[in-house]
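Asker: Dumping the structure here so I can ask a few things about it.
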Amino acid sequence: MPQPSKEPCKKEACDIQACLSKNNFLPQRCQTVIEKLQACCEKCNNESTHCGSIFAKTLISADHLRAAAMSIATPLNTTLQRSPLPSSLSVFSPIHTTTVSVTGTRKRCLRMVTSCVSSHSQSSVHNGVTDAVSVRNQIRLGLPSKGRMATDTLDLLKDCQLSVKQVNPRQYVAQIPQLPNTEVWFQRPKDIVRKLLSGDLDLGIVGLDIVSEFGQGNDDLIIVHEALNFGDCHLSLAIPNYGIFENINSLEELAQMPQWTAERPLRVATGFTYLGPKFMKENGIKHVTFSTADGALEAAPAMGIADAILDLVSSGTTLKENNLKEIEGGVVLQSQAALVASKRALTERTGALDTVHEILERLEAHLKAAGQFTVVANMRGTDAEEVAARLKTQPSLSGLQGPTISPVYCKRDGKVSIEFYAIVICVPKTALYESVQQLRAVGGSGVLVSPLTYIFDEETPRWSQLLSNLGL
Ligand SMILES: Nc1ncnc2c1ncn2[C@@H]1O[C@H](COP(=O)(O)OP(=O)(O)OP(=O)(O)O)[C@@H](O)[C@H]1O
Ligand SMILES: O=P(O)(O)OC[C@H]1O[C@H](OP(=O)(O)OP(=O)(O)O)[C@H](O)[C@@H]1O
C-alpha cells in the first residue's frame with residue numbers, strides 16, 4: 001500500500017504502477033489512473049518528484065513502459081535482469097524515485113516513482129489475499145509433504161522429467177534441476193492453498209477438494225490443470241444404513257425427515273467446515289449443525305456424536321466397513337489432483353508464467369501419452385494409399401491424426417522391392433487388444449507395441465484458457 005507522503009501525487013503515481021503491473025503493461029487499460037496523475041501534476045505545477053517530465057499527451061506504448069521498467073530493474077534485481085519482461089513495477093521498492101527517459105521518443109518520457117511500497121516484502125492482506133508479490137528470485141512450487149498425494153505427485157513430476165531432488169525426507173525445501181528458477185516447498189495440502197493466497201507460494205499441486213475448501217472461491221486462485229489423473233475421490237454426505245436411516249436414500253428424503261428441528265438439528269461430522277454448510281444451504285436444508293474432527297469421521301455416527309458425515313470417498317470401503325451409505329444428491333464435489341497457481345504470482349512475478357507454461361506443457365504431453373501405446377506393424381500392399389484404405393475400414397486404427405505409412409525396402413535376389421509397408425499408429429491403452437485384432441484382420445503382422453513418453457500437440461487449450469483468465 002502506498003505510504004503517506006508529503007509529496008503530492010504519490011498516490012496517483014503508485015496507482016499507475018499497480019494498474020500497469022496488473023494489466024501486463026498495457027497503458028490503454030490504465031488511462032484513467034494516468035489521467036489522474038496528469039491532472040494532479042498540472043494542479044501542483046509539476047512540483048512533485050512524482051511528476052517531472054512524465055507524460056506525453058499521446059498514449060505511452062507498452063514497449064516504452066517495458067523498456068522503462070527494464071532500465072529501472074537492471075541494477076536492482078537479479079531476477080529481473082534475467083527476464084525479458086519485468087512482471088511488476090511494485091517490486092522495485094528500495095529506490096525512491098527514478099527517472100526513465102525513453103530515448104528517441106521526444107516528449108515520451110516517463111518518470112517512474114518506485115517508492116509505493118516500503119519494505120523488502122511488501123504485502124497487505126485483503127480478503128485473504130496478499131496485495132503485492134514479495135521480492136524473491138525463485139518461483140515457489142508447493143507439493144504435499146505427506147499423505148495420499150505425496151508420492152503420486154513426485155511420481156507424476158518424475159514421469160514429466162521434472163524429478164524433485166530432496167536431500168532427505170525431513171527437509172521441506174527441494175529443487176527440480178530441470179527448472180532452475182523454481183524451489184519446491186513441501187507443505188500439507190491445506191497449507192499449500194493458504195500459502196498461495198498469502199503469496200508465500202506461487203504454484204501448487206493439491207486436490208480440488210482442498211482448493212475449494214480452503215480457497216473458498218477466492219479468484220486469486222487459478223486452476224491451471226484440473227485433472228492430473230490421481231487422487232480421485234469425491235466429497236459426499238453419508239448416513240448410517242440402519243435404524244431411522246434404513247429407508248432413506250436421497251438428500252431430499254433426509255431433509256424431509258421429521259426428526260430434524262431447530263432444537264434437534266441433523267448433526268454432521270466433517271473436516272469440510274466451509275463446503276459443508278455451503279452445500280446444505282444451497283440445498284435448502286435448514287436444521288443442521290456441524291462438528292469437526294481431523295480423521296476417522298466414519299466412527300462418528302456409531303459413537304453417537306453425529307447423524308451423518310461429510311467426507312471424502314474413493315473406493316467406498318471405509319463407509320461400508322462402518323455401516324454407512326451414500327445417498328442420491330449427496331455428492332458435494334468430485335476431486336482429483338490439480339495444478340493451481342496464484343493469479344497474482346503469474347501476472348506479477350518474473351518468470352512465473354514461463355515456468356507454469358513449461359510445467360503445463362510437460363504435464364499435458366505426459367498425461368496424453370500415458371493413455372496411449374505406439375503400435376508398429378507391417379502390412380503387405382501395393383501402395384501406401386491402398387494400405388491406408390484398408391486400415392481406415394477399422395475404427396480403432398485411425399491413430400491421433402491418421403496412420404503413418406512408410407515403405408519397407410526388402411532386398412530379394414539382389415534387387416530392392418517394396419512389398420510391405422510399416423504402419424505406425426497410437427492406440428488408447430484400453431483399446432489395445434481390440435486394435436491388434438483389427439490390425440490382423442486387415443493383414444497386419446509383426447505387431448510391436450511400446451509405451452509413449454510424451455505427445456506434444458499444438459498449443460494446449462488450457463494455456464489459452466489460462467492466458468484468458470489472466471486477462472492476457
Ligand atoms: N480416499 C481417498 N482416495 C483418494 N484420494 C484421496 C482420498 N482421501 C483423500 N484424498 C485426496 O488426498 C488429499 C490428501 O489427503 P490426506 O488424507 O492424505 O490428507 P493429509 O495430507 O493427511 O492432510 P490432513 O491430515 O492435513 O487433512 C485429499 O485432499 C484428497 O484430495
Ligand atoms: O473410500 P475409501 O477408499 O475407503 O477412502 C475413504 C477414506 O479415505 C480418507 O481417509 P484417510 O485414509 O486419508 O484417513 P483419515 O480418515 O485419517 O483422513 C477419507 O477421509 C475416508 O476416510
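Order determines the names: the first chain of the C-alpha cells is A, the second B, and so forth; residues in each chain are numbered 1 upward, and ligands are numbered 1 upward as they are shown.
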All residues within 6 Å of ligand 2 are required, counting only C-alpha atoms and all ligand atoms; please report them as a PDB file with N, CA and C atoms, in the first residue's frame.

Answerer:
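Done, and the output landed in part-v3.pdb:
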```
ATOM      1  N   GLY A 295      -9.952 -36.757  11.430  1.00  0.00           N
ATOM      2  CA  GLY A 295      -9.896 -38.020  10.689  1.00  0.00           C
ATOM      3  C   GLY A 295     -10.832 -39.029  11.313  1.00  0.00           C
ATOM      4  N   ALA A 296     -10.887 -40.207  10.693  1.00  0.00           N
ATOM      5  CA  ALA A 296     -11.738 -41.298  11.179  1.00  0.00           C
ATOM      6  C   ALA A 296     -13.164 -40.829  11.480  1.00  0.00           C
ATOM      7  N   ASP A 311     -17.552 -36.533   4.021  1.00  0.00           N
ATOM      8  CA  ASP A 311     -16.129 -36.854   3.940  1.00  0.00           C
ATOM      9  C   ASP A 311     -15.784 -37.333   2.534  1.00  0.00           C
ATOM     10  N   LEU A 312     -14.476 -37.515   2.322  1.00  0.00           N
ATOM     11  CA  LEU A 312     -14.015 -37.990   1.022  1.00  0.00           C
ATOM     12  C   LEU A 312     -14.240 -39.491   0.900  1.00  0.00           C
ATOM     13  N   VAL A 313     -14.605 -39.882  -0.303  1.00  0.00           N
ATOM     14  CA  VAL A 313     -14.840 -41.299  -0.590  1.00  0.00           C
ATOM     15  C   VAL A 313     -14.095 -41.618  -1.877  1.00  0.00           C
ATOM     16  N   SER A 314     -13.385 -42.740  -1.886  1.00  0.00           N
ATOM     17  CA  SER A 314     -12.890 -43.185  -3.207  1.00  0.00           C
ATOM     18  C   SER A 314     -13.367 -44.596  -3.487  1.00  0.00           C
ATOM     19  N   SER A 315     -12.850 -45.606  -2.800  1.00  0.00           N
ATOM     20  CA  SER A 315     -13.331 -46.969  -3.073  1.00  0.00           C
ATOM     21  C   SER A 315     -14.674 -47.236  -2.400  1.00  0.00           C
ATOM     22  N   GLY A 316     -14.984 -46.500  -1.360  1.00  0.00           N
ATOM     23  CA  GLY A 316     -16.224 -46.734  -0.611  1.00  0.00           C
ATOM     24  C   GLY A 316     -16.051 -47.759   0.510  1.00  0.00           C
ATOM     25  N   THR A 317     -14.860 -48.321   0.619  1.00  0.00           N
ATOM     26  CA  THR A 317     -14.632 -49.376   1.626  1.00  0.00           C
ATOM     27  C   THR A 317     -14.819 -48.859   3.054  1.00  0.00           C
ATOM     28  N   THR A 318     -14.286 -47.685   3.342  1.00  0.00           N
ATOM     29  CA  THR A 318     -14.378 -47.176   4.725  1.00  0.00           C
ATOM     30  C   THR A 318     -15.837 -46.970   5.124  1.00  0.00           C
TER      31      THR A 318
END
```

Asker: Tell me which protein, DNA and RNA residues are within 6 Å of segment 391-407 of chain A, counting only C-alpha atoms, leaving out same-chain ones fewer than 4 positions away, and put them as a list in words.

Answerer: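 Close residues of segment 391-407 of chain A: Tyr421, Ala422, Ile423, Val424, Ile425, Cys426 and Ser435 of chain A.
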
Asker: How close does chain A get to ligand 1? List, as JSON lines, each residue of chain A within 10 Å, its nearest atom pair and the distance in Å to one decimal, counting only C-alpha atoms and all ligand atoms.

Answerer:
```
{"residue": "A:Pro144", "atom": "CA", "partner": "ligand 1", "partner_atom_place_in_ligand_line": "21 (O)", "distance": 6.6}
{"residue": "A:Ser145", "atom": "CA", "partner": "ligand 1", "partner_atom_place_in_ligand_line": "21 (O)", "distance": 7.1}
{"residue": "A:Lys146", "atom": "CA", "partner": "ligand 1", "partner_atom_place_in_ligand_line": "21 (O)", "distance": 5.2}
{"residue": "A:Gly147", "atom": "CA", "partner": "ligand 1", "partner_atom_place_in_ligand_line": "18 (O)", "distance": 3.1}
{"residue": "A:Arg148", "atom": "CA", "partner": "ligand 1", "partner_atom_place_in_ligand_line": "18 (O)", "distance": 3.9}
{"residue": "A:Met149", "atom": "CA", "partner": "ligand 1", "partner_atom_place_in_ligand_line": "12 (O)", "distance": 5.1}
{"residue": "A:Ala150", "atom": "CA", "partner": "ligand 1", "partner_atom_place_in_ligand_line": "21 (O)", "distance": 7.7}
{"residue": "A:Asp152", "atom": "CA", "partner": "ligand 1", "partner_atom_place_in_ligand_line": "12 (O)", "distance": 10.0}
{"residue": "A:Gln187", "atom": "CA", "partner": "ligand 1", "partner_atom_place_in_ligand_line": "21 (O)", "distance": 8.6}
{"residue": "A:Arg188", "atom": "CA", "partner": "ligand 1", "partner_atom_place_in_ligand_line": "21 (O)", "distance": 5.4}
{"residue": "A:Pro189", "atom": "CA", "partner": "ligand 1", "partner_atom_place_in_ligand_line": "21 (O)", "distance": 5.8}
{"residue": "A:Lys190", "atom": "CA", "partner": "ligand 1", "partner_atom_place_in_ligand_line": "26 (O)", "distance": 6.4}
{"residue": "A:Asp191", "atom": "CA", "partner": "ligand 1", "partner_atom_place_in_ligand_line": "26 (O)", "distance": 8.3}
{"residue": "A:Ile205", "atom": "CA", "partner": "ligand 1", "partner_atom_place_in_ligand_line": "31 (O)", "distance": 10.0}
{"residue": "A:Val206", "atom": "CA", "partner": "ligand 1", "partner_atom_place_in_ligand_line": "31 (O)", "distance": 6.5}
{"residue": "A:Gly207", "atom": "CA", "partner": "ligand 1", "partner_atom_place_in_ligand_line": "31 (O)", "distance": 3.6}
{"residue": "A:Leu208", "atom": "CA", "partner": "ligand 1", "partner_atom_place_in_ligand_line": "31 (O)", "distance": 6.2}
{"residue": "A:Asp209", "atom": "CA", "partner": "ligand 1", "partner_atom_place_in_ligand_line": "31 (O)", "distance": 5.6}
{"residue": "A:Ile210", "atom": "CA", "partner": "ligand 1", "partner_atom_place_in_ligand_line": "29 (O)", "distance": 5.2}
{"residue": "A:Val211", "atom": "CA", "partner": "ligand 1", "partner_atom_place_in_ligand_line": "29 (O)", "distance": 8.6}
{"residue": "A:Glu213", "atom": "CA", "partner": "ligand 1", "partner_atom_place_in_ligand_line": "29 (O)", "distance": 9.4}
{"residue": "A:Phe230", "atom": "CA", "partner": "ligand 1", "partner_atom_place_in_ligand_line": "5 (N)", "distance": 7.5}
{"residue": "A:Gly231", "atom": "CA", "partner": "ligand 1", "partner_atom_place_in_ligand_line": "5 (N)", "distance": 3.9}
{"residue": "A:Asp232", "atom": "CA", "partner": "ligand 1", "partner_atom_place_in_ligand_line": "4 (C)", "distance": 4.9}
{"residue": "A:Cys233", "atom": "CA", "partner": "ligand 1", "partner_atom_place_in_ligand_line": "4 (C)", "distance": 4.8}
{"residue": "A:His234", "atom": "CA", "partner": "ligand 1", "partner_atom_place_in_ligand_line": "7 (C)", "distance": 8.1}
{"residue": "A:Leu235", "atom": "CA", "partner": "ligand 1", "partner_atom_place_in_ligand_line": "30 (C)", "distance": 9.0}
{"residue": "A:Gly271", "atom": "CA", "partner": "ligand 1", "partner_atom_place_in_ligand_line": "27 (O)", "distance": 7.8}
{"residue": "A:Phe272", "atom": "CA", "partner": "ligand 1", "partner_atom_place_in_ligand_line": "27 (O)", "distance": 9.8}
{"residue": "A:Ala293", "atom": "CA", "partner": "ligand 1", "partner_atom_place_in_ligand_line": "27 (O)", "distance": 9.7}
{"residue": "A:Asp294", "atom": "CA", "partner": "ligand 1", "partner_atom_place_in_ligand_line": "27 (O)", "distance": 6.4}
{"residue": "A:Gly295", "atom": "CA", "partner": "ligand 1", "partner_atom_place_in_ligand_line": "25 (O)", "distance": 7.4}
{"residue": "A:Asp311", "atom": "CA", "partner": "ligand 1", "partner_atom_place_in_ligand_line": "8 (N)", "distance": 8.5}
{"residue": "A:Leu312", "atom": "CA", "partner": "ligand 1", "partner_atom_place_in_ligand_line": "8 (N)", "distance": 5.4}
{"residue": "A:Val313", "atom": "CA", "partner": "ligand 1", "partner_atom_place_in_ligand_line": "1 (N)", "distance": 5.2}
{"residue": "A:Ser314", "atom": "CA", "partner": "ligand 1", "partner_atom_place_in_ligand_line": "3 (N)", "distance": 4.5}
{"residue": "A:Ser315", "atom": "CA", "partner": "ligand 1", "partner_atom_place_in_ligand_line": "1 (N)", "distance": 6.9}
{"residue": "A:Gly316", "atom": "CA", "partner": "ligand 1", "partner_atom_place_in_ligand_line": "1 (N)", "distance": 8.1}
{"residue": "A:Thr317", "atom": "CA", "partner": "ligand 1", "partner_atom_place_in_ligand_line": "1 (N)", "distance": 9.1}
{"residue": "A:Thr318", "atom": "CA", "partner": "ligand 1", "partner_atom_place_in_ligand_line": "1 (N)", "distance": 8.5}
{"residue": "A:Gln334", "atom": "CA", "partner": "ligand 1", "partner_atom_place_in_ligand_line": "31 (O)", "distance": 9.5}
{"residue": "A:Ser335", "atom": "CA", "partner": "ligand 1", "partner_atom_place_in_ligand_line": "31 (O)", "distance": 6.2}
{"residue": "A:Gln336", "atom": "CA", "partner": "ligand 1", "partner_atom_place_in_ligand_line": "31 (O)", "distance": 5.8}
{"residue": "A:Ala337", "atom": "CA", "partner": "ligand 1", "partner_atom_place_in_ligand_line": "31 (O)", "distance": 6.3}
{"residue": "A:Ala338", "atom": "CA", "partner": "ligand 1", "partner_atom_place_in_ligand_line": "31 (O)", "distance": 9.0}
```

Asker: Mind the document's chain letters and residue numbers, and return as a count of residues only the residues of segment 302-415 of chain A that DSSP labels strand (DSSP E or B).

Answerer: 43

Asker: For segment 466-468 of chain A, list every protein, DNA or RNA residue within 10 Å, evaluated using only C-alpha atoms, and leave out those in the same chain fewer than 3 positions away; present the list as an MDAnalysis selection string.

Answerer: chainID A and resid 222:225 343 346:347 353 356:357 461:463 471:472

Asker: When DSSP works through the backbone of this structure, what residues of segment 339-461 of chain A end up as alpha helix (DSSP H), shown as a short mmCIF file (atom, residue, chain, number, x, y, z; two decimals) with N, CA, C and O atoms, in the first residue's frame?

Answerer:
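Full text of selection_39.cif as output:
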```cif
data_model
loop_
_atom_site.label_atom_id
_atom_site.label_comp_id
_atom_site.auth_asym_id
_atom_site.auth_seq_id
_atom_site.Cartn_x
_atom_site.Cartn_y
_atom_site.Cartn_z
N LYS A 343 -2.93 -16.20 -9.14
CA LYS A 343 -3.09 -15.29 -10.28
C LYS A 343 -2.09 -14.14 -10.18
O LYS A 343 -1.44 -13.75 -11.13
N ARG A 344 -1.99 -13.64 -8.95
CA ARG A 344 -1.09 -12.51 -8.73
C ARG A 344 0.35 -12.88 -9.07
O ARG A 344 1.06 -12.13 -9.71
N ALA A 345 0.75 -14.10 -8.65
CA ALA A 345 2.13 -14.51 -8.94
C ALA A 345 2.33 -14.62 -10.45
O ALA A 345 3.35 -14.18 -10.99
N LEU A 346 1.34 -15.17 -11.15
CA LEU A 346 1.51 -15.35 -12.59
C LEU A 346 1.56 -14.02 -13.32
O LEU A 346 2.24 -13.89 -14.33
N THR A 347 0.85 -13.03 -12.82
CA THR A 347 0.86 -11.75 -13.53
C THR A 347 2.00 -10.86 -13.08
O THR A 347 2.45 -10.00 -13.82
N GLU A 348 2.48 -11.07 -11.85
CA GLU A 348 3.45 -10.11 -11.33
C GLU A 348 4.85 -10.66 -11.11
O GLU A 348 5.80 -9.90 -11.03
N ALA A 352 7.28 -16.53 -13.61
CA ALA A 352 6.26 -17.48 -13.15
C ALA A 352 5.42 -18.02 -14.30
O ALA A 352 5.12 -19.21 -14.36
N LEU A 353 5.09 -17.14 -15.23
CA LEU A 353 4.24 -17.57 -16.34
C LEU A 353 5.00 -18.55 -17.25
O LEU A 353 4.44 -19.55 -17.70
N ASP A 354 6.29 -18.28 -17.48
CA ASP A 354 7.08 -19.20 -18.31
C ASP A 354 7.19 -20.56 -17.63
O ASP A 354 7.12 -21.60 -18.26
N THR A 355 7.38 -20.52 -16.31
CA THR A 355 7.53 -21.78 -15.58
C THR A 355 6.24 -22.58 -15.64
O THR A 355 6.25 -23.79 -15.89
N VAL A 356 5.13 -21.91 -15.44
CA VAL A 356 3.86 -22.64 -15.44
C VAL A 356 3.57 -23.17 -16.85
O VAL A 356 3.01 -24.25 -17.02
N HIS A 357 4.01 -22.44 -17.85
CA HIS A 357 3.81 -22.91 -19.22
C HIS A 357 4.58 -24.21 -19.45
O HIS A 357 4.04 -25.18 -19.98
N GLU A 358 5.83 -24.22 -19.00
CA GLU A 358 6.63 -25.44 -19.19
C GLU A 358 6.04 -26.62 -18.42
O GLU A 358 5.91 -27.72 -18.95
N ILE A 359 5.66 -26.37 -17.16
CA ILE A 359 5.09 -27.46 -16.37
C ILE A 359 3.79 -27.96 -17.02
O ILE A 359 3.57 -29.16 -17.17
N LEU A 360 2.97 -27.02 -17.46
CA LEU A 360 1.69 -27.40 -18.07
C LEU A 360 1.91 -28.22 -19.35
O LEU A 360 1.28 -29.25 -19.56
N GLU A 361 2.85 -27.77 -20.18
CA GLU A 361 3.11 -28.49 -21.43
C GLU A 361 3.57 -29.90 -21.15
O GLU A 361 3.14 -30.86 -21.78
N ARG A 362 4.48 -30.04 -20.18
CA ARG A 362 5.00 -31.38 -19.87
C ARG A 362 3.90 -32.26 -19.30
O ARG A 362 3.80 -33.43 -19.64
N LEU A 363 3.09 -31.68 -18.40
CA LEU A 363 2.00 -32.46 -17.81
C LEU A 363 1.03 -32.93 -18.89
O LEU A 363 0.66 -34.10 -18.96
N GLU A 364 0.62 -32.01 -19.73
CA GLU A 364 -0.36 -32.34 -20.77
C GLU A 364 0.20 -33.41 -21.69
O GLU A 364 -0.48 -34.39 -22.00
N ALA A 365 1.45 -33.21 -22.12
CA ALA A 365 2.04 -34.15 -23.07
C ALA A 365 2.20 -35.53 -22.43
O ALA A 365 1.96 -36.55 -23.05
N HIS A 366 2.60 -35.54 -21.16
CA HIS A 366 2.77 -36.82 -20.49
C HIS A 366 1.42 -37.50 -20.26
O HIS A 366 1.26 -38.69 -20.52
N LEU A 367 0.44 -36.73 -19.76
CA LEU A 367 -0.85 -37.36 -19.44
C LEU A 367 -1.54 -37.87 -20.71
O LEU A 367 -2.19 -38.90 -20.70
N LYS A 368 -1.35 -37.16 -21.78
CA LYS A 368 -1.93 -37.62 -23.05
C LYS A 368 -1.24 -38.92 -23.48
O LYS A 368 -1.90 -39.88 -23.87
N ALA A 369 0.07 -38.93 -23.36
CA ALA A 369 0.83 -40.12 -23.78
C ALA A 369 0.55 -41.31 -22.87
O ALA A 369 0.54 -42.46 -23.32
N ALA A 370 0.29 -41.02 -21.59
CA ALA A 370 0.12 -42.11 -20.63
C ALA A 370 -1.07 -43.00 -20.97
O ALA A 370 -1.11 -44.16 -20.60
N ALA A 384 0.96 -47.16 -50.61
CA ALA A 384 0.60 -46.62 -49.29
C ALA A 384 -0.90 -46.31 -49.20
O ALA A 384 -1.54 -46.55 -48.18
N GLU A 385 -1.48 -45.77 -50.30
CA GLU A 385 -2.90 -45.40 -50.29
C GLU A 385 -3.78 -46.62 -50.08
O GLU A 385 -4.77 -46.59 -49.34
N GLU A 386 -3.37 -47.70 -50.75
CA GLU A 386 -4.18 -48.93 -50.65
C GLU A 386 -4.13 -49.47 -49.21
O GLU A 386 -5.15 -49.88 -48.65
N VAL A 387 -2.95 -49.42 -48.58
CA VAL A 387 -2.80 -49.86 -47.18
C VAL A 387 -3.64 -48.96 -46.26
O VAL A 387 -4.36 -49.43 -45.38
N ALA A 388 -3.57 -47.64 -46.53
CA ALA A 388 -4.34 -46.69 -45.70
C ALA A 388 -5.83 -46.97 -45.82
O ALA A 388 -6.56 -46.95 -44.82
N ALA A 389 -6.29 -47.28 -47.01
CA ALA A 389 -7.72 -47.54 -47.22
C ALA A 389 -8.15 -48.76 -46.39
O ALA A 389 -9.21 -48.75 -45.78
N ARG A 390 -7.28 -49.78 -46.37
CA ARG A 390 -7.64 -50.98 -45.58
C ARG A 390 -7.68 -50.67 -44.08
O ARG A 390 -8.57 -51.09 -43.36
N LEU A 391 -6.68 -49.88 -43.64
CA LEU A 391 -6.65 -49.54 -42.20
C LEU A 391 -7.90 -48.75 -41.81
O LEU A 391 -8.46 -48.93 -40.74
N LEU A 432 -6.20 -51.60 -26.74
CA LEU A 432 -5.05 -52.24 -27.38
C LEU A 432 -5.41 -53.58 -28.04
O LEU A 432 -5.14 -53.78 -29.23
N TYR A 433 -6.02 -54.46 -27.28
CA TYR A 433 -6.23 -55.80 -27.82
C TYR A 433 -7.18 -55.75 -29.02
O TYR A 433 -6.93 -56.38 -30.05
N GLU A 434 -8.22 -54.94 -28.87
CA GLU A 434 -9.16 -54.75 -29.97
C GLU A 434 -8.43 -54.23 -31.22
O GLU A 434 -8.66 -54.70 -32.33
N SER A 435 -7.49 -53.31 -31.03
CA SER A 435 -6.75 -52.75 -32.16
C SER A 435 -5.87 -53.79 -32.82
O SER A 435 -5.75 -53.84 -34.06
N VAL A 436 -5.23 -54.63 -31.99
CA VAL A 436 -4.36 -55.67 -32.55
C VAL A 436 -5.21 -56.64 -33.39
O VAL A 436 -4.83 -57.02 -34.50
N GLN A 437 -6.39 -56.98 -32.89
CA GLN A 437 -7.27 -57.88 -33.65
C GLN A 437 -7.69 -57.25 -34.97
O GLN A 437 -7.68 -57.90 -36.02
N GLN A 438 -7.99 -55.95 -34.92
CA GLN A 438 -8.41 -55.26 -36.15
C GLN A 438 -7.25 -55.17 -37.15
O GLN A 438 -7.45 -55.31 -38.35
N LEU A 439 -6.04 -54.99 -36.59
CA LEU A 439 -4.86 -54.93 -37.47
C LEU A 439 -4.66 -56.25 -38.19
O LEU A 439 -4.40 -56.30 -39.40
N ARG A 440 -4.78 -57.32 -37.43
CA ARG A 440 -4.62 -58.65 -38.04
C ARG A 440 -5.68 -58.88 -39.11
O ARG A 440 -5.38 -59.44 -40.17
N ALA A 441 -6.90 -58.40 -38.82
CA ALA A 441 -8.00 -58.63 -39.77
C ALA A 441 -7.75 -57.95 -41.12
O ALA A 441 -8.25 -58.40 -42.14
N PRO A 461 -5.11 -26.09 -25.19
CA PRO A 461 -6.23 -25.18 -24.90
C PRO A 461 -6.18 -24.68 -23.46
O PRO A 461 -6.63 -23.57 -23.18
#
```
